[in-house]
$ cat protein_0.txt   # compact mmCIF, C-alpha atoms and all ligand atoms
# COMPACT_ATOMS: atom_id res chain seq x y z
CA MET A 231 -32.18 14.27 -5.52
CA ALA A 232 -30.48 17.63 -5.67
CA THR A 233 -27.77 17.99 -8.28
CA ALA A 234 -24.20 18.55 -7.18
CA THR A 235 -24.46 22.26 -7.99
CA GLN A 236 -27.66 22.63 -6.02
CA LYS A 237 -26.05 20.92 -3.07
CA VAL A 238 -23.10 23.28 -3.12
CA LEU A 239 -25.39 26.29 -3.40
CA LEU A 240 -27.41 25.07 -0.46
CA PHE A 241 -24.26 24.76 1.52
CA VAL A 242 -23.06 28.27 0.66
CA ILE A 243 -26.42 29.64 1.73
CA TYR A 244 -26.35 27.82 5.06
CA ALA A 245 -22.86 29.08 5.63
CA ALA A 246 -23.76 32.64 4.70
CA ILE A 247 -26.67 32.69 7.14
CA ASN A 248 -24.24 31.87 9.87
CA GLY A 249 -21.90 34.66 8.97
CA VAL A 250 -19.23 32.70 7.12
CA VAL A 251 -18.99 33.06 3.40
CA ILE A 252 -17.24 30.20 1.73
CA MET A 253 -15.94 30.70 -1.75
CA THR A 254 -15.75 27.20 -3.06
CA ASP A 255 -17.31 25.21 -5.80
CA SER A 256 -16.13 21.82 -4.64
CA ALA A 257 -17.00 19.59 -1.75
CA PRO A 258 -14.62 19.28 1.21
CA ILE A 259 -12.00 16.54 1.05
CA PHE A 260 -10.89 14.58 4.08
CA VAL A 261 -7.74 12.52 3.71
CA PHE A 262 -6.71 9.58 5.90
CA GLY A 263 -3.73 7.30 5.55
CA ASP A 264 0.02 6.83 5.76
CA SER A 265 3.09 8.42 4.16
CA THR A 266 1.53 8.12 0.70
CA ALA A 267 -0.88 10.88 1.77
CA ASP A 268 0.83 12.68 4.71
CA VAL A 269 1.26 16.40 4.00
CA GLY A 270 2.98 17.32 7.25
CA THR A 271 1.13 15.57 10.08
CA ASN A 272 4.27 13.90 11.41
CA ASN A 273 6.14 17.22 11.63
CA HIS A 274 3.83 17.94 14.56
CA LEU A 275 4.71 14.74 16.42
CA GLN A 276 7.63 15.45 18.68
CA ASN A 277 9.02 11.95 18.97
CA CYS A 278 8.01 10.50 15.64
CA THR A 279 10.91 9.26 13.55
CA ALA A 280 8.93 8.76 10.30
CA ARG A 281 9.70 12.22 8.98
CA ALA A 282 10.23 13.90 5.63
CA ASP A 283 11.10 17.30 7.04
CA HIS A 284 14.54 17.34 5.45
CA ARG A 285 16.13 17.63 2.03
CA TYR A 286 15.87 16.36 -0.63
CA ASN A 287 12.18 15.90 0.04
CA GLY A 288 10.19 18.70 -1.54
CA ILE A 289 12.93 19.60 -4.02
CA ASP A 290 10.31 20.05 -6.76
CA PHE A 291 7.71 21.62 -4.49
CA PRO A 292 7.24 25.40 -4.93
CA PHE A 293 10.37 27.09 -3.51
CA SER A 294 11.85 23.58 -3.00
CA ARG A 295 10.17 23.54 0.38
CA THR A 296 10.30 20.45 2.58
CA THR A 297 6.79 20.16 3.91
CA GLY A 298 6.77 16.71 5.45
CA ARG A 299 5.66 15.10 2.19
CA PHE A 300 7.51 11.90 1.36
CA SER A 301 7.99 13.03 -2.23
CA ASN A 302 10.06 15.27 -4.45
CA GLY A 303 6.91 17.36 -4.91
CA LYS A 304 3.20 16.77 -4.60
CA ASN A 305 1.94 13.42 -3.36
CA ALA A 306 -1.16 11.41 -4.25
CA ALA A 307 -3.38 13.34 -1.80
CA ASP A 308 -2.36 16.62 -3.45
CA GLN A 309 -2.88 15.31 -6.96
CA ILE A 310 -6.32 13.88 -6.20
CA ALA A 311 -7.44 17.08 -4.46
CA ARG A 312 -6.20 19.11 -7.42
CA LEU A 313 -8.15 17.01 -9.90
CA LEU A 314 -11.32 16.78 -7.84
CA GLY A 315 -11.85 20.41 -7.02
CA ASP A 316 -10.55 23.91 -6.73
CA TYR A 317 -7.56 22.91 -4.64
CA LYS A 318 -3.91 23.52 -5.44
CA VAL A 319 -2.76 20.84 -3.02
CA SER A 320 -4.30 18.61 -0.35
CA PRO A 321 -6.17 20.26 2.51
CA PRO A 322 -3.68 21.04 5.31
CA PRO A 323 -2.83 18.65 8.14
CA PHE A 324 -5.40 18.57 10.93
CA PHE A 325 -2.73 19.69 13.38
CA SER A 326 -1.86 22.83 11.46
CA LEU A 327 -5.54 23.69 11.02
CA LEU A 328 -5.84 23.70 14.78
CA THR A 329 -2.87 25.98 15.31
CA ARG A 330 -3.68 28.58 12.64
CA LYS A 331 -6.57 30.39 14.30
CA SER A 332 -6.87 33.15 11.70
CA THR A 333 -7.68 30.82 8.82
CA PHE A 334 -9.33 28.10 10.88
CA LYS A 335 -12.93 28.77 9.82
CA ARG A 336 -12.23 29.24 6.15
CA ASN A 337 -9.97 26.21 5.92
CA LEU A 338 -11.95 23.86 8.11
CA LEU A 339 -14.88 23.85 5.71
CA ARG A 340 -12.64 22.78 2.86
CA GLY A 341 -11.45 19.61 4.54
CA ALA A 342 -8.45 18.31 6.41
CA ASN A 343 -5.66 15.80 6.04
CA PHE A 344 -5.11 13.36 8.91
CA ALA A 345 -2.64 11.02 7.19
CA SER A 346 0.43 10.06 9.20
CA GLY A 347 3.53 8.45 7.70
CA GLY A 348 4.35 5.04 9.13
CA SER A 349 0.82 4.43 10.40
CA GLY A 350 -1.49 1.54 9.70
CA ILE A 351 -4.94 0.07 9.86
CA LEU A 352 -3.93 -1.72 13.06
CA SER A 353 -3.33 0.66 15.94
CA GLU A 354 -0.01 -0.94 16.84
CA THR A 355 1.54 -0.57 13.38
CA GLY A 356 4.48 1.85 13.37
CA GLN A 357 4.25 2.68 17.07
CA VAL A 358 7.44 0.84 18.00
CA THR A 359 9.33 1.34 14.74
CA PHE A 360 8.69 5.10 14.64
CA ASN A 361 8.00 5.86 18.34
CA LYS A 362 4.71 7.62 17.61
CA VAL A 363 2.42 7.76 14.59
CA ILE A 364 -1.30 8.50 14.27
CA CYS A 365 -3.06 5.23 13.47
CA LEU A 366 -6.23 5.17 11.37
CA GLY A 367 -8.45 4.87 14.46
CA GLU A 368 -6.92 8.01 15.97
CA GLN A 369 -7.22 9.82 12.64
CA ILE A 370 -10.95 9.09 12.72
CA GLN A 371 -11.18 10.41 16.28
CA GLN A 372 -9.58 13.61 15.01
CA PHE A 373 -12.17 13.73 12.26
CA SER A 374 -14.91 13.56 14.91
CA THR A 375 -13.36 16.69 16.45
CA VAL A 376 -13.50 18.38 13.06
CA ARG A 377 -17.13 17.32 12.72
CA ARG A 378 -17.98 18.91 16.08
CA ARG A 379 -16.23 22.13 15.10
CA ILE A 380 -18.01 22.25 11.73
CA THR A 381 -21.38 21.70 13.39
CA LYS A 382 -20.63 24.56 15.74
CA LEU A 383 -19.42 26.80 12.94
CA LEU A 384 -22.51 26.21 10.80
CA ALA A 385 -24.73 26.31 13.90
CA SER A 386 -26.83 23.58 12.35
CA THR A 387 -26.57 19.82 12.62
CA LYS A 388 -28.48 19.46 9.38
CA ALA A 389 -26.13 21.77 7.48
CA ALA A 390 -23.12 19.96 8.89
CA ASP A 391 -24.59 16.55 8.03
CA ASP A 392 -25.29 17.68 4.45
CA LEU A 393 -21.80 19.03 4.07
CA LEU A 394 -20.16 15.89 5.46
CA GLN A 395 -22.33 13.59 3.36
CA ASN A 396 -21.23 15.43 0.25
CA SER A 397 -17.57 15.39 1.21
CA ILE A 398 -15.06 12.97 -0.25
CA TYR A 399 -13.12 10.69 2.08
CA ILE A 400 -9.84 9.58 0.57
CA ILE A 401 -8.06 6.74 2.38
CA SER A 402 -4.64 5.38 1.48
CA ILE A 403 -3.33 2.91 4.04
CA GLY A 404 -2.24 -0.69 4.65
CA SER A 405 1.31 -0.96 3.30
CA ASN A 406 2.89 -0.52 6.72
CA ASP A 407 0.68 -3.23 8.22
CA LEU A 408 1.89 -5.65 5.55
CA VAL A 409 5.57 -4.74 5.92
CA GLU A 410 5.58 -4.96 9.70
CA SER A 411 3.60 -8.19 9.81
CA LEU A 412 6.16 -9.78 7.54
CA PHE A 413 8.79 -9.32 10.24
CA SER A 414 6.62 -9.83 13.29
CA GLY A 415 4.92 -12.85 11.77
CA GLN A 416 1.37 -13.45 10.63
CA PRO A 417 -0.27 -15.78 13.15
CA GLY A 418 -2.42 -18.28 11.25
CA GLY A 419 -0.78 -17.42 7.93
CA PRO A 420 -1.28 -14.62 5.41
CA LYS A 421 -4.94 -15.34 4.64
CA LYS A 422 -5.93 -15.08 8.31
CA PHE A 423 -3.88 -11.95 8.75
CA ILE A 424 -5.37 -10.24 5.69
CA GLN A 425 -8.83 -11.18 6.92
CA LYS A 426 -8.11 -9.52 10.27
CA LEU A 427 -6.69 -6.46 8.50
CA THR A 428 -9.66 -5.99 6.19
CA GLU A 429 -12.15 -6.60 8.99
CA THR A 430 -10.43 -3.93 11.07
CA TYR A 431 -10.57 -1.62 8.05
CA VAL A 432 -14.30 -2.24 7.78
CA THR A 433 -14.76 -1.31 11.45
CA HIS A 434 -12.98 1.98 10.78
CA LEU A 435 -15.13 2.64 7.71
CA THR A 436 -18.26 1.89 9.69
CA ASN A 437 -17.17 4.42 12.32
CA LEU A 438 -16.63 7.02 9.62
CA TYR A 439 -20.03 6.24 8.15
CA GLU A 440 -21.59 6.75 11.55
CA LEU A 441 -19.87 10.13 11.75
CA GLY A 442 -21.58 11.09 8.51
CA ALA A 443 -19.19 10.01 5.75
CA ARG A 444 -20.81 8.56 2.63
CA LYS A 445 -18.35 8.82 -0.26
CA PHE A 446 -15.27 6.69 0.21
CA GLY A 447 -12.34 6.85 -2.21
CA ILE A 448 -10.22 3.90 -1.14
CA ILE A 449 -6.73 3.48 -2.50
CA GLY A 450 -5.50 -0.12 -2.42
CA ILE A 451 -2.03 -1.32 -1.52
CA PRO A 452 0.51 -1.01 -4.35
CA PRO A 453 2.97 -3.83 -5.18
CA ILE A 454 5.19 -2.89 -2.25
CA GLY A 455 7.36 -5.92 -2.99
CA CYS A 456 8.61 -3.98 -6.04
CA CYS A 457 9.73 -0.83 -4.23
CA PRO A 458 13.50 -0.33 -4.14
CA ALA A 459 13.68 -1.19 -0.42
CA ALA A 460 12.12 -4.59 -1.14
CA ARG A 461 14.16 -5.22 -4.28
CA VAL A 462 17.25 -5.09 -2.09
CA PHE A 463 16.17 -8.54 -0.89
CA ASN A 464 15.75 -9.95 -4.41
CA SER A 465 18.17 -8.67 -7.00
CA THR A 466 16.32 -10.48 -9.79
CA GLY A 467 12.81 -9.25 -9.11
CA CYS A 468 10.25 -8.14 -6.58
CA TYR A 469 9.75 -9.48 -3.06
CA GLU A 470 6.94 -11.84 -3.94
CA GLU A 471 5.56 -12.46 -0.47
CA LEU A 472 4.71 -8.76 -0.01
CA ASN A 473 3.04 -8.58 -3.40
CA TYR A 474 1.05 -11.71 -2.68
CA ASN A 475 -0.27 -10.12 0.53
CA ALA A 476 -1.12 -6.89 -1.33
CA ARG A 477 -3.14 -8.86 -3.89
CA LEU A 478 -4.98 -10.77 -1.16
CA PHE A 479 -5.79 -7.48 0.53
CA TYR A 480 -7.26 -6.01 -2.64
CA GLY A 481 -9.51 -9.00 -3.28
CA SER A 482 -10.70 -9.02 0.30
CA MET A 483 -11.40 -5.26 0.31
CA GLN A 484 -13.36 -5.54 -2.89
CA SER A 485 -15.83 -8.03 -1.45
CA LEU A 486 -16.08 -6.31 1.94
CA LEU A 487 -16.74 -2.91 0.38
CA THR A 488 -19.44 -4.36 -1.83
CA GLU A 489 -21.05 -5.84 1.27
CA LEU A 490 -20.83 -2.51 3.10
CA SER A 491 -22.51 -0.66 0.24
CA GLN A 492 -25.34 -3.19 0.33
CA THR A 493 -25.67 -2.98 4.11
CA PHE A 494 -25.47 0.75 4.77
CA GLU A 495 -27.83 3.11 3.04
CA GLY A 496 -26.05 5.73 0.97
CA PHE A 497 -22.61 4.13 1.37
CA LYS A 498 -20.74 4.76 -1.88
CA PHE A 499 -17.20 3.82 -2.74
CA SER A 500 -14.48 3.75 -5.34
CA LEU A 501 -11.71 1.23 -4.90
CA GLY A 502 -8.47 2.07 -6.66
CA ASN A 503 -6.35 -0.83 -7.81
CA THR A 504 -2.94 0.78 -7.41
CA TYR A 505 -1.47 -2.71 -7.54
CA ALA A 506 -2.54 -3.22 -11.16
CA MET A 507 -1.75 0.39 -12.07
CA THR A 508 1.80 0.20 -10.75
CA MET A 509 2.42 -3.24 -12.25
CA ASN A 510 1.36 -1.86 -15.61
CA VAL A 511 4.05 0.83 -15.27
CA ILE A 512 6.69 -1.66 -14.14
CA ASP A 513 5.93 -4.05 -17.00
CA ASN A 514 5.69 -1.29 -19.58
CA PRO A 515 7.78 1.71 -18.50
CA ARG A 516 8.12 3.35 -21.91
CA GLY A 517 4.44 3.17 -22.72
CA ASN A 518 3.90 5.08 -19.49
CA ARG A 519 6.74 7.55 -20.16
CA PHE A 520 9.02 6.29 -17.42
CA LYS A 521 12.64 5.31 -17.92
CA GLU A 522 13.52 3.90 -14.50
CA VAL A 523 11.09 1.77 -12.54
CA LYS A 524 13.42 -0.20 -10.23
CA THR A 525 15.93 2.22 -8.76
CA ALA A 526 14.88 5.13 -6.55
CA CYS A 527 15.80 8.66 -7.56
CA CYS A 528 17.05 9.48 -4.08
CA GLY A 529 18.81 7.10 -1.71
CA SER A 530 21.86 4.89 -1.54
CA GLY A 531 23.02 1.31 -1.95
CA LEU A 532 21.50 -1.32 -4.20
CA PHE A 533 18.62 0.22 -6.24
CA ASN A 534 19.11 3.31 -4.02
CA GLY A 535 16.89 1.18 -1.82
CA ALA A 536 19.18 0.54 1.15
CA GLY A 537 19.74 4.06 2.49
CA ASP A 538 17.34 6.89 3.22
CA CYS A 539 16.83 9.93 1.03
CA LYS A 540 18.72 12.67 2.83
CA GLU A 541 21.33 15.27 2.12
CA GLY A 542 24.40 13.58 0.66
CA ALA A 543 22.46 10.61 -0.77
CA ASN A 544 22.42 9.92 -4.51
CA LEU A 545 19.94 12.23 -6.21
CA CYS A 546 18.82 11.91 -9.82
CA SER A 547 18.27 15.01 -11.95
CA ASN A 548 15.64 13.59 -14.33
CA ARG A 549 13.04 12.98 -11.65
CA GLY A 550 10.17 12.83 -14.13
CA ASP A 551 11.69 9.64 -15.56
CA PHE A 552 11.57 7.75 -12.24
CA LEU A 553 8.73 5.72 -10.77
CA PHE A 554 10.24 5.85 -7.28
CA TRP A 555 11.35 8.93 -5.42
CA ASP A 556 12.91 7.17 -2.45
CA LYS A 557 13.10 3.55 -1.37
CA PHE A 558 9.35 3.39 -0.58
CA HIS A 559 7.55 6.30 -2.23
CA PRO A 560 6.56 7.29 -5.76
CA THR A 561 7.74 10.46 -7.49
CA GLU A 562 5.45 13.40 -8.06
CA THR A 563 5.06 12.26 -11.68
CA ALA A 564 4.06 8.75 -10.63
CA SER A 565 1.53 10.12 -8.10
CA GLU A 566 0.07 12.31 -10.79
CA LEU A 567 -0.39 9.38 -13.15
CA ALA A 568 -2.08 7.36 -10.40
CA ALA A 569 -4.37 10.26 -9.49
CA LEU A 570 -5.39 10.79 -13.12
CA THR A 571 -6.33 7.12 -13.36
CA LEU A 572 -8.24 7.13 -10.06
CA VAL A 573 -10.16 10.30 -10.82
CA TYR A 574 -10.89 9.90 -14.53
CA GLY A 575 -10.27 6.20 -15.23
CA GLU A 576 -12.80 4.21 -17.21
CA GLY A 577 -13.54 0.52 -16.93
CA ALA A 578 -13.12 -1.68 -13.89
CA GLU A 579 -9.46 -2.50 -14.39
CA TYR A 580 -8.01 0.25 -12.19
CA VAL A 581 -10.91 1.76 -10.29
CA THR A 582 -14.16 0.07 -9.40
CA PRO A 583 -17.18 0.31 -9.36
CA MET A 584 -16.74 3.97 -10.38
CA ASN A 585 -13.94 6.49 -10.67
CA PHE A 586 -13.41 9.24 -8.11
CA SER A 587 -15.02 11.93 -10.26
CA SER A 588 -18.18 9.84 -10.54
CA LEU A 589 -18.02 9.30 -6.78
CA ALA A 590 -17.86 13.05 -6.24
CA MET A 591 -20.99 13.52 -8.34
CA ALA A 592 -22.87 10.52 -6.94
C1 LIG B 1 8.94 12.27 23.84
O1 LIG B 1 9.92 11.43 24.44
C2 LIG B 1 10.40 11.91 25.66
C3 LIG B 1 11.54 11.01 26.09
O2 LIG B 1 11.17 9.66 26.02
C4 LIG B 1 9.25 11.94 26.68
O3 LIG B 1 9.69 12.41 27.92
C5 LIG B 1 8.14 12.85 26.14
O4 LIG B 1 7.03 12.82 26.99
C6 LIG B 1 7.74 12.43 24.73
N1 LIG B 1 6.85 13.43 24.19
C7 LIG B 1 5.66 13.14 23.66
C8 LIG B 1 4.86 14.30 23.13
O5 LIG B 1 5.22 12.01 23.58
C1 LIG B 2 12.68 -12.95 -6.87
O1 LIG B 2 12.33 -12.57 -8.17
C2 LIG B 2 12.09 -13.66 -9.04
C3 LIG B 2 11.87 -13.08 -10.45
O2 LIG B 2 10.75 -12.26 -10.51
C4 LIG B 2 10.91 -14.46 -8.54
O3 LIG B 2 10.70 -15.57 -9.39
C5 LIG B 2 11.19 -14.93 -7.13
O4 LIG B 2 10.06 -15.60 -6.61
C6 LIG B 2 11.54 -13.76 -6.25
N1 LIG B 2 11.97 -14.22 -4.93
C7 LIG B 2 11.41 -13.81 -3.78
C8 LIG B 2 12.00 -14.39 -2.54
O5 LIG B 2 10.49 -13.02 -3.72
C1 LIG B 3 -15.63 7.99 -14.93
O1 LIG B 3 -16.44 6.86 -14.88
C2 LIG B 3 -17.69 7.04 -15.56
C3 LIG B 3 -18.53 5.80 -15.28
O2 LIG B 3 -17.82 4.64 -15.59
C4 LIG B 3 -17.44 7.28 -17.01
O3 LIG B 3 -18.65 7.47 -17.67
C5 LIG B 3 -16.60 8.49 -17.16
O4 LIG B 3 -16.30 8.69 -18.51
C6 LIG B 3 -15.33 8.33 -16.37
N1 LIG B 3 -14.54 9.52 -16.48
C7 LIG B 3 -14.90 10.70 -16.02
C8 LIG B 3 -13.98 11.82 -16.29
O5 LIG B 3 -15.93 10.87 -15.39

$ encode --input "protein_0.txt" --output "structure tokens" --more "lines below"
Ligand SMILES: *[C@@H]1O[C@H](CO)[C@@H](O)[C@H](O)[C@H]1NC(C)=O
Ligand SMILES: *[C@@H]1O[C@H](CO)[C@@H](O)[C@H](O)[C@H]1NC(C)=O
Ligand SMILES: *[C@@H]1O[C@H](CO)[C@@H](O)[C@H](O)[C@H]1NC(C)=O
Amino acid sequence: MATATQKVLLFVIYAAINGVVIMTDSAPIFVFGDSTADVGTNNHLQNCTARADHRYNGIDFPFSRTTGRFSNGKNAADQIARLLGDYKVSPPPFFSLLTRKSTFKRNLLRGANFASGGSGILSETGQVTFNKVICLGEQIQQFSTVRRRITKLLASTKAADDLLQNSIYIISIGSNDLVESLFSGQPGGPKKFIQKLTETYVTHLTNLYELGARKFGIIGIPPIGCCPAARVFNSTGCYEELNYNARLFYGSMQSLLTELSQTFEGFKFSLGNTYAMTMNVIDNPRGNRFKEVKTACCGSGLFNGAGDCKEGANLCSNRGDFLFWDKFHPTETASELAALTLVYGEGAEYVTPMNFSSLAMA
């Protein structure tokens, strides 16, 4: 087995032979998912209504830019990319890679972000609510386009395969499937529904594996019943039904991923238990340096969880003290804490069977 450094060197040499010199000492990162990881995908979708292209989103981003991130600053995809390699933020959205011809080659080999706010594991999730989102299946189709382009760029299937096998695949999705199914009903009950959801997830992962992916950093579903939007429906606590579904999902993913890693040669994964991580913060805010874990920083109504975060909404000034940015999404500080745990965490409590930094080296 080549060491990680040797692998990177090999890759730089391949690339140099083909006339592209890549200055990087970290493997490419490909990001899939929903609004927890979207860095501007939905800005490119004409009719999509799941958008964060307006204030106060991005207020703590450099130059207070609104980028399409559902956050006051960097989101989980940015924070993980920052910790895993020589990235300042997440790789750019797939759509903007395509449109920026001048930097296409250089950027393509560093990864891409396909995540689309409002999307789900199931292809139908979000499509009616938000008119148009890119579901996980379509995100993977876009990745296959990237794979073709990379193979062409490196002029070698072997070089492309090596590169893609060493890349990290971060996936953060599932919350929207749970929220929508709560309203549309779960035929056969929650257990049946979660089984269908995780089985569909496995099909997607299998497709990614067949396209060359090996290292999967999977982020579980947080306790979405505790986000301000859900607390609106239970003034004394969290919306238990949503949390129950999120816990079922985690358990089911854990056993399916273990099976996958035993079935497919070279399949490696980390599963992040964002449910337990977030619950730890909610139960013990001070120990985690948060002051407010129920009310959103930006929004309106009960818990700032009834109205959207937009100009004119309530906006807190001490954003570092808040767990929630808006009625659904964590603050930059909360995303950073989660990323630190996912990347460097020890022990099986929050990330299993290995942390993301071990996954990167595996
Ligand atoms: C957006 O919606 C309009 C009106 O329904 C439709 O005519 C148009 O084709 C849609 N555009 C895209 C890119 O889907
Ligand atoms: C509301 O919160 C309380 C306190 O945590 C909990 O016991 C109850 O089950 C919750 N109700 C719903 C409908 O989720
Ligand atoms: C990650 O996990 C490995 C294996 O459990 C552990 O040895 C290591 O200390 C953890 N942290 C980092 C930064 O790798």

$ atom_distance --input "protein_0.txt" --atom1 "atom CA of A:Ala280" --atom2 "atom CA of A:Asn473"
22.9 Å

$ atom_distance --input "protein_0.txt" --atom1 "atom CA of A:Gly550" --atom2 "atom CA of A:Asp264"
23.1 Å

$ residues_near_ligand --input "protein_0.txt" --ligand "ligand LIG 1 (chain B)" --cutoff "7 Å" --atoms "all atoms listed in the file" --output "PyMOL selection string"
chain A and resi 275-277

$ axis_aligned_box --input "protein_0.txt" --around "ligand LIG 3 (chain B)" --padding-each-side "4 Å" --output "lines of an AutoDock Vina configuration file"
center_x = -16.3
center_y = 8.2
center_z = -16.7
size_x = 12.7
size_y = 15.2
size_z = 11.6

$ atom_distance --input "protein_0.txt" --atom1 "atom CA of A:Ala592" --atom2 "atom CA of A:Ala307"
20.4 Å

$ residues_near_ligand --input "protein_0.txt" --ligand "ligand LIG 3 (chain B)" --cutoff "8 Å" --atoms "all atoms listed in the file" --output "PyMOL selection string"
chain A and resi 573-577+583-588

$ closest_residue --input "protein_0.txt" --among "A:Gly348, A:Pro258, A:Gly263, A:Gly467" --to "A:Gly315" --atoms "all atoms listed in the file"
A:Pro258

$ build_atoms --input "protein_0.txt" --residues "stretch 514-530 of chain A" --atoms "N, CA, C and O atoms" --output "compact mmCIF listing (two decimals), keeping the file's coordinate frame"
# COMPACT_ATOMS: atom_id res chain seq x y z
N ASN A 514 5.68 -2.03 -18.33
CA ASN A 514 5.69 -1.29 -19.58
C ASN A 514 6.09 0.16 -19.31
O ASN A 514 5.28 1.08 -19.46
N PRO A 515 7.36 0.36 -18.90
CA PRO A 515 7.78 1.71 -18.50
C PRO A 515 7.62 2.73 -19.63
O PRO A 515 7.05 3.80 -19.43
N ARG A 516 8.10 2.37 -20.81
CA ARG A 516 8.12 3.35 -21.91
C ARG A 516 6.74 3.80 -22.31
O ARG A 516 6.51 4.99 -22.53
N GLY A 517 5.81 2.83 -22.37
CA GLY A 517 4.44 3.17 -22.72
C GLY A 517 3.82 4.14 -21.73
O GLY A 517 2.84 4.82 -22.01
N ASN A 518 4.39 4.17 -20.52
CA ASN A 518 3.90 5.08 -19.49
C ASN A 518 4.85 6.27 -19.27
O ASN A 518 4.73 6.99 -18.28
N ARG A 519 5.78 6.43 -20.18
CA ARG A 519 6.74 7.55 -20.16
C ARG A 519 7.65 7.56 -18.94
O ARG A 519 8.03 8.61 -18.43
N PHE A 520 8.00 6.38 -18.46
CA PHE A 520 9.02 6.29 -17.42
C PHE A 520 10.25 5.61 -18.01
O PHE A 520 10.14 4.79 -18.93
N LYS A 521 11.42 5.97 -17.46
CA LYS A 521 12.64 5.31 -17.92
C LYS A 521 13.19 4.37 -16.85
O LYS A 521 13.86 3.40 -17.17
N GLU A 522 12.93 4.69 -15.58
CA GLU A 522 13.52 3.90 -14.50
C GLU A 522 12.44 3.51 -13.50
O GLU A 522 11.85 4.37 -12.86
N VAL A 523 12.19 2.21 -13.41
CA VAL A 523 11.09 1.77 -12.54
C VAL A 523 11.57 0.87 -11.40
O VAL A 523 10.76 0.36 -10.63
N LYS A 524 12.90 0.67 -11.30
CA LYS A 524 13.42 -0.20 -10.23
C LYS A 524 14.19 0.60 -9.19
O LYS A 524 14.02 0.39 -7.98
N THR A 525 15.06 1.47 -9.66
CA THR A 525 15.93 2.22 -8.76
C THR A 525 15.25 3.52 -8.33
O THR A 525 14.59 4.17 -9.14
N ALA A 526 15.43 3.87 -7.06
CA ALA A 526 14.88 5.13 -6.55
C ALA A 526 15.71 6.31 -7.04
O ALA A 526 16.91 6.17 -7.28
N CYS A 527 15.08 7.45 -7.17
CA CYS A 527 15.80 8.66 -7.56
C CYS A 527 16.75 9.08 -6.44
O CYS A 527 17.88 9.47 -6.70
N CYS A 528 16.29 8.97 -5.21
CA CYS A 528 17.05 9.48 -4.08
C CYS A 528 17.26 8.38 -3.04
O CYS A 528 16.29 7.76 -2.60
N GLY A 529 18.52 8.14 -2.69
CA GLY A 529 18.81 7.10 -1.71
C GLY A 529 20.24 6.62 -1.88
O GLY A 529 21.06 7.30 -2.49
N SER A 530 20.51 5.43 -1.37
CA SER A 530 21.86 4.89 -1.54
C SER A 530 21.83 3.37 -1.49
O SER A 530 20.82 2.78 -1.10
